[in-house]
Amino acid sequence: MFNNRNQLSLLHSRLFTTLLFCLILVFNSACSQSKSERTKIRLGYIQSDLHHLPAFVAMEKGFFQQQGLDVEVAGAFRAGPELMSAFAAQELDVGYVGLAPAITAVANNNIPVRLIAQVNTEGSAIVVSRARPGSSVADLKGAMIAIPGHATMQDFLLRKALKNAGIPVEQVKILVLKPPEMIPALTGKDIDAFIAWEPYPSKALTENKGKILLYSSQIWPDHPCCVIVAGEEFLQTRHSDVEKLIIAHNQACRFIKDRRAEAIDIGVKYTGMDRATIETALGHITYHGLLDKQYTSEYVDFLKVLRYIKQDISDALLAKMLKR
Amino acid sequence: MNYFKEKSRLLFPLLLLLLWQAVSTLGLLPSSKIPSPVQIISGIKELALVGLPSGSSLFMHCFESLLRVTAGFTMAAAIGIPLGILIGWLRFLRNMLTPIIETIRPIPPLAWIPLAILWFGIGFKSAAFIIFLGCFFPILLSTISGVLSVDKILIEAAKTLGAKEKKIFLNVLVPAATPSIFTGIRIGLGIGWMTLVAAEFTGVKSGYGLGYMIMVARDIQRPDLVIGGMATIGLMGYLLDVALRKLEARMLQWR
C-alpha cells in the first residue's frame, strides 16, 4: 500500500500529531470546565429583548460584580425554546426567558429548572394598522392577527382580550410570525393586527406604521411575563450566589426606574432600536423581581386547556418550581 | 428469494429501532434529548388524533405541505427542464448564463426569506418560491449535464440519415438526456422537502404545514413531536421518490 518507508513514517508522525492535538483539546476543555465550575456563572438571555433590560443593566453597571459574582454570557439566544434546550444540555446556570418556554420546558421535557425571580410584568400590546377603522377589540372580528407563537403569553393575552370583548376566537384568523416581521407584514397589508412584546408595538407607533389598540396592562393588569430561571443543581450547590444574583437583579430593576435616561441608553445599545422607541416602550414595562404564584397558575391553566403541556403541573409542582 | 430480500431490507432499520428503544429504556439516552421510538410513535398518534395546535390534524398539515412542495417543484421543473435543455444545446446561452447560475446557486434558500416576504407577501407564494429555489438548480444542472453527455455519434448518425435540426432535438437529444433529467427531478424534489421548514418560516396563513407544525412543537418543547414531524416529512419524501422511480422505469423502458 505504501511505496516506501518515508511515506509510512510520515503517516505515523501525522497520526501522532493529530492524537496529541486531540489530547490537548480534551485536557484544555476539562481544565476550563473545572475552572468554570468553580467560579463563573453562565448566563443566557434573549437577544434584543427589551424585557431583559435588567440583565443588560446589571452587566453594564457592574451590579453582578458588586455582589462578588463572576457572570459570563454563555449565550444570547434568538428564542426561549433554544435557551431552555441549553439548560437541558447543562450549558447554562441561569437564564432570562419568557414564562411560556420555562413552563413548557418543565412540563413537557422535565428540564430541571426553577423560577427564581420575575423579570417584568406587562409590556405587550395589540397593534392595528393605521388604516383600520375602529378602536376596540370588538372591531377585530374577521381580522388576520399575528402572534409570536402558540402557547406564548401574547397568545394567551389575545385570547383573553377577545374573550373579554365577547368575540369567539374562531371569528379571527390567527397567524404565527416572529416579531421583527410583524411591522413589515402590517404595512404590507398581509395582516390587520399583531400582538407582540415591547419594543415592537412602540416601534410601530414611533414609525407611524400602526396604532395601539390595547396595552397588555389593560387586558390583564400586572400579568407575568419574563422570569429568571436557574438550573436545579446550580440552585442547590450555589444557593448563596443565587441570592446575590437576585439582589443584583433587583438593583437593576430599581436603576431602570430611578435613572431612566441611562437605562434607555443601555436599552438602545442592546436592542439596536432608536431612542424614541425605547423610551416609549419602557413606559409600558414594569420591572420587578417578585413572582406571583396565582398569576403563574392562571397561565399554566391556559396551557393545560389548550393541550400545550402534556403533563399536568400540579399545585405542588408549581410551588416547587417557584421555591428557591 | 425475493421475499427474503424484502424482509432483510426491513431487518436492519428494525434492529436499529430496537437497539434505540433498548438504550432509551435503560436510561442511557435521556428523553429530553432524544425520545425513544415508542414515545415518538405515541407523539405521531397524538399529532394524528389531537393535532398540533390542538385541532389542527397531521393529515391537514401533510396536505398543505404537499400542495406547497408540488407548486414549488412544478414551477422548478417547468422552468428548469426547458431552460437546461436550451443551455445544454446552445453554447452561447451556456457561456452567457453559467456565471449567473453559479453565483445564485450556492445561496441558501433560508437567506431568501426576507426577500420572498417582500416580493410575494406572507403565505403560499413565498413558501412555494423558497421550495422552487431548492428544487430548481439540481433540475437545471442535471438537465444541462444530461444534454452535454449525449453521445455525439447519435447526433452525427441522425444527421447522416438526413434528420433536420428540430427532429434531432426532439427525437435524439431530449430522449437521450431524459435519464439525467429524471435524476435531477428526484434530487430536486428531495431538496424541495428539505427546504419545507425554511419555506414555512415565511408565515403560514392557513395554519397548516409540516414545517409550521415542527415549529409549534419546538415552541412548546416537545422533541417527540418534532421528531414525529421530521419522520413524516421523511416518509412523504420517500414515498414520492418511490413513485418517481416507478414513473422513470416506465418512461425509460427503452433503456
# chains A, B, ... in the order shown; residues from 1 in each chain; ligands from 1
>>> interface_residues(of="chain B", to="chain A", cutoff="10 Å", atoms="only C-alpha atoms", output="MDAnalysis selection string")
chainID B and resid 30:33 35 50:55 114 117:118 121:123 201:207 212 215:224
>>> residues_around(residues="stretch 57-71 of chain B", least_positions_apart="4", cutoff="8 Å", atoms="only C-alpha atoms", output="ChimeraX atom specification")
/B:47-52,75,124,127-128,131-132,192-193,196,208-211,213
>>> write_last_selection(atoms="N, CA and C atoms", output="mmCIF file, in the first residue's frame")
data_model
loop_
_atom_site.group_PDB
_atom_site.id
_atom_site.type_symbol
_atom_site.label_atom_id
_atom_site.label_comp_id
_atom_site.auth_asym_id
_atom_site.auth_seq_id
_atom_site.Cartn_x
_atom_site.Cartn_y
_atom_site.Cartn_z
ATOM 1 N N LEU B 47 -50.349 13.579 17.178
ATOM 2 C CA LEU B 47 -50.443 14.551 16.082
ATOM 3 C C LEU B 47 -51.626 14.230 15.169
ATOM 4 N N ALA B 48 -51.857 12.919 14.977
ATOM 5 C CA ALA B 48 -52.925 12.489 14.073
ATOM 6 C C ALA B 48 -54.303 12.648 14.719
ATOM 7 N N LEU B 49 -54.385 12.327 16.007
ATOM 8 C CA LEU B 49 -55.702 12.323 16.653
ATOM 9 C C LEU B 49 -56.075 13.668 17.281
ATOM 10 N N VAL B 50 -55.116 14.269 17.987
ATOM 11 C CA VAL B 50 -55.404 15.534 18.676
ATOM 12 C C VAL B 50 -55.043 16.725 17.788
ATOM 13 N N GLY B 51 -53.882 16.616 17.121
ATOM 14 C CA GLY B 51 -53.401 17.701 16.275
ATOM 15 C C GLY B 51 -52.509 18.659 17.032
ATOM 16 N N LEU B 52 -51.772 19.489 16.284
ATOM 17 C CA LEU B 52 -50.898 20.491 16.902
ATOM 18 C C LEU B 52 -50.891 21.733 16.030
ATOM 19 N N MET B 75 -43.107 24.356 -10.665
ATOM 20 C CA MET B 75 -42.520 25.561 -11.275
ATOM 21 C C MET B 75 -41.058 25.335 -11.633
ATOM 22 N N PHE B 124 -48.627 31.352 0.946
ATOM 23 C CA PHE B 124 -48.399 30.285 -0.028
ATOM 24 C C PHE B 124 -47.307 30.629 -1.060
ATOM 25 N N ALA B 127 -43.731 30.692 0.297
ATOM 26 C CA ALA B 127 -43.278 29.332 0.627
ATOM 27 C C ALA B 127 -42.955 28.566 -0.656
ATOM 28 N N ALA B 128 -43.833 28.685 -1.657
ATOM 29 C CA ALA B 128 -43.602 27.978 -2.915
ATOM 30 C C ALA B 128 -42.325 28.491 -3.584
ATOM 31 N N ILE B 131 -39.306 26.887 -1.923
ATOM 32 C CA ILE B 131 -39.197 25.486 -2.355
ATOM 33 C C ILE B 131 -38.717 25.432 -3.813
ATOM 34 N N PHE B 132 -39.230 26.340 -4.634
ATOM 35 C CA PHE B 132 -38.798 26.444 -6.031
ATOM 36 C C PHE B 132 -37.272 26.593 -6.095
ATOM 37 N N GLY B 192 -36.439 19.965 -2.271
ATOM 38 C CA GLY B 192 -37.685 20.716 -2.053
ATOM 39 C C GLY B 192 -38.245 20.418 -0.674
ATOM 40 N N TRP B 193 -38.285 19.130 -0.316
ATOM 41 C CA TRP B 193 -38.770 18.746 1.030
ATOM 42 C C TRP B 193 -37.837 19.275 2.104
ATOM 43 N N LEU B 196 -38.631 22.759 3.096
ATOM 44 C CA LEU B 196 -40.011 22.982 3.538
ATOM 45 C C LEU B 196 -40.090 23.783 4.851
ATOM 46 N N TYR B 208 -51.649 25.583 8.641
ATOM 47 C CA TYR B 208 -51.279 24.189 8.421
ATOM 48 C C TYR B 208 -49.950 24.106 7.675
ATOM 49 N N GLY B 209 -49.226 23.030 7.897
ATOM 50 C CA GLY B 209 -47.949 22.790 7.231
ATOM 51 C C GLY B 209 -47.050 22.004 8.155
ATOM 52 N N LEU B 210 -46.323 21.035 7.600
ATOM 53 C CA LEU B 210 -45.476 20.187 8.459
ATOM 54 C C LEU B 210 -44.343 20.985 9.100
ATOM 55 N N GLY B 211 -43.753 21.920 8.316
ATOM 56 C CA GLY B 211 -42.680 22.757 8.859
ATOM 57 C C GLY B 211 -43.224 23.635 9.968
ATOM 58 N N MET B 213 -45.829 22.986 11.781
ATOM 59 C CA MET B 213 -46.147 22.107 12.918
ATOM 60 C C MET B 213 -44.881 21.816 13.737
#
>>> atom_distance(atom1="atom CA of A:Tyr200", atom2="atom CA of A:Met273")
9.6 Å
>>> atom_distance(atom1="atom CA of B:Leu141", atom2="atom CA of B:Gly184")
7.4 Å
>>> closest_residue(among="A:Ile183, A:Ala138, A:Ile264, A:Ala316", to="A:Ala196", atoms="only C-alpha atoms")
A:Ile183
>>> residues_around(residues="stretch 276-279 of chain A", least_positions_apart="3", cutoff="12 Å", atoms="only C-alpha atoms", output="PyMOL selection string")
chain A and resi 48-51+53+123+198-208+256+260-273+282-285
>>> select_by_dssp(residues="stretch 34-156 of chain B", states="alpha helix (DSSP H)", output="PyMOL selection string")
chain B and resi 37-49+58-89+91-104+113-120+124-148+152-156
>>> atom_distance(atom1="atom CA of B:Ala22", atom2="atom CA of A:Glu233")
27.9 Å
>>> residues_around(residues="stretch 166-178 of chain B", least_positions_apart="6", cutoff="10 Å", atoms="only C-alpha atoms", output="MDAnalysis selection string")
chainID B and resid 81:82 85:86 88:89 142:152 154:159 184 248 251:252 254:255
>>> select_by_dssp(residues="stretch 142-235 of chain A", states="strand (DSSP E or B)", output="number ranges by chain")
A: 144-147, 173-176, 193-197, 210-215, 224, 226-231
>>> decode(residues="stretch 84-121 of chain B", atoms="N, CA and C atoms", output="short mmCIF file (atom, residue, chain, number, x, y, z; two decimals), in the first residue's frame")
data_model
loop_
_atom_site.label_atom_id
_atom_site.label_comp_id
_atom_site.auth_asym_id
_atom_site.auth_seq_id
_atom_site.Cartn_x
_atom_site.Cartn_y
_atom_site.Cartn_z
N GLY B 84 -32.67 24.13 -19.10
CA GLY B 84 -31.49 23.27 -19.07
C GLY B 84 -31.19 22.67 -20.44
N ILE B 85 -32.25 22.26 -21.15
CA ILE B 85 -32.05 21.68 -22.48
C ILE B 85 -31.48 22.75 -23.42
N LEU B 86 -32.04 23.95 -23.33
CA LEU B 86 -31.55 25.04 -24.20
C LEU B 86 -30.10 25.41 -23.87
N ILE B 87 -29.81 25.49 -22.58
CA ILE B 87 -28.44 25.85 -22.18
C ILE B 87 -27.46 24.76 -22.65
N GLY B 88 -27.88 23.51 -22.51
CA GLY B 88 -27.01 22.42 -22.96
C GLY B 88 -26.84 22.39 -24.47
N TRP B 89 -27.87 22.76 -25.18
CA TRP B 89 -27.89 22.70 -26.65
C TRP B 89 -27.16 23.89 -27.28
N LEU B 90 -27.38 25.10 -26.69
CA LEU B 90 -26.81 26.32 -27.29
C LEU B 90 -25.61 26.83 -26.49
N ARG B 91 -24.45 26.79 -27.14
CA ARG B 91 -23.21 27.16 -26.46
C ARG B 91 -23.23 28.63 -25.98
N PHE B 92 -23.75 29.54 -26.83
CA PHE B 92 -23.70 30.96 -26.46
C PHE B 92 -24.54 31.23 -25.19
N LEU B 93 -25.67 30.50 -25.09
CA LEU B 93 -26.54 30.66 -23.92
C LEU B 93 -25.82 30.13 -22.67
N ARG B 94 -25.09 29.02 -22.88
CA ARG B 94 -24.34 28.41 -21.78
C ARG B 94 -23.28 29.39 -21.25
N ASN B 95 -22.54 30.00 -22.19
CA ASN B 95 -21.49 30.94 -21.81
C ASN B 95 -22.08 32.17 -21.11
N MET B 96 -23.26 32.56 -21.57
CA MET B 96 -23.88 33.77 -21.04
C MET B 96 -24.45 33.53 -19.63
N LEU B 97 -25.09 32.38 -19.44
CA LEU B 97 -25.84 32.17 -18.18
C LEU B 97 -25.06 31.46 -17.07
N THR B 98 -24.02 30.70 -17.45
CA THR B 98 -23.30 29.92 -16.41
C THR B 98 -22.82 30.78 -15.23
N PRO B 99 -22.16 31.96 -15.48
CA PRO B 99 -21.70 32.74 -14.30
C PRO B 99 -22.85 33.16 -13.40
N ILE B 100 -24.00 33.50 -14.00
CA ILE B 100 -25.15 33.94 -13.17
C ILE B 100 -25.67 32.76 -12.35
N ILE B 101 -25.84 31.61 -13.02
CA ILE B 101 -26.36 30.42 -12.33
C ILE B 101 -25.43 30.02 -11.19
N GLU B 102 -24.13 30.00 -11.48
CA GLU B 102 -23.18 29.55 -10.46
C GLU B 102 -23.05 30.53 -9.29
N THR B 103 -23.45 31.79 -9.52
CA THR B 103 -23.41 32.78 -8.42
C THR B 103 -24.65 32.61 -7.54
N ILE B 104 -25.79 32.37 -8.18
CA ILE B 104 -27.04 32.30 -7.39
C ILE B 104 -27.16 30.94 -6.69
N ARG B 105 -26.66 29.89 -7.35
CA ARG B 105 -26.84 28.52 -6.86
C ARG B 105 -26.40 28.29 -5.40
N PRO B 106 -25.23 28.81 -4.97
CA PRO B 106 -24.83 28.49 -3.57
C PRO B 106 -25.59 29.24 -2.50
N ILE B 107 -26.42 30.22 -2.87
CA ILE B 107 -27.13 31.00 -1.83
C ILE B 107 -28.18 30.10 -1.18
N PRO B 108 -28.11 29.92 0.15
CA PRO B 108 -29.09 29.02 0.79
C PRO B 108 -30.51 29.59 0.73
N PRO B 109 -31.52 28.74 0.52
CA PRO B 109 -32.91 29.24 0.46
C PRO B 109 -33.30 30.07 1.67
N LEU B 110 -32.74 29.74 2.85
CA LEU B 110 -33.06 30.47 4.08
C LEU B 110 -32.76 31.97 3.93
N ALA B 111 -31.66 32.27 3.19
CA ALA B 111 -31.25 33.67 3.03
C ALA B 111 -32.24 34.45 2.16
N TRP B 112 -33.05 33.73 1.39
CA TRP B 112 -34.02 34.40 0.51
C TRP B 112 -35.30 34.78 1.24
N ILE B 113 -35.48 34.31 2.48
CA ILE B 113 -36.76 34.51 3.18
C ILE B 113 -37.20 35.99 3.24
N PRO B 114 -36.31 36.90 3.69
CA PRO B 114 -36.79 38.30 3.77
C PRO B 114 -37.23 38.83 2.40
N LEU B 115 -36.48 38.47 1.35
CA LEU B 115 -36.85 38.93 0.01
C LEU B 115 -38.15 38.29 -0.47
N ALA B 116 -38.30 36.99 -0.15
CA ALA B 116 -39.52 36.28 -0.55
C ALA B 116 -40.75 36.95 0.05
N ILE B 117 -40.64 37.34 1.35
CA ILE B 117 -41.77 38.00 2.02
C ILE B 117 -42.04 39.36 1.36
N LEU B 118 -40.94 40.06 1.05
CA LEU B 118 -41.05 41.38 0.43
C LEU B 118 -41.70 41.29 -0.95
N TRP B 119 -41.32 40.30 -1.72
CA TRP B 119 -41.83 40.19 -3.10
C TRP B 119 -43.22 39.56 -3.17
N PHE B 120 -43.41 38.52 -2.37
CA PHE B 120 -44.66 37.74 -2.52
C PHE B 120 -45.59 37.82 -1.31
N GLY B 121 -45.20 38.60 -0.30
CA GLY B 121 -46.03 38.69 0.90
C GLY B 121 -45.91 37.42 1.75
#
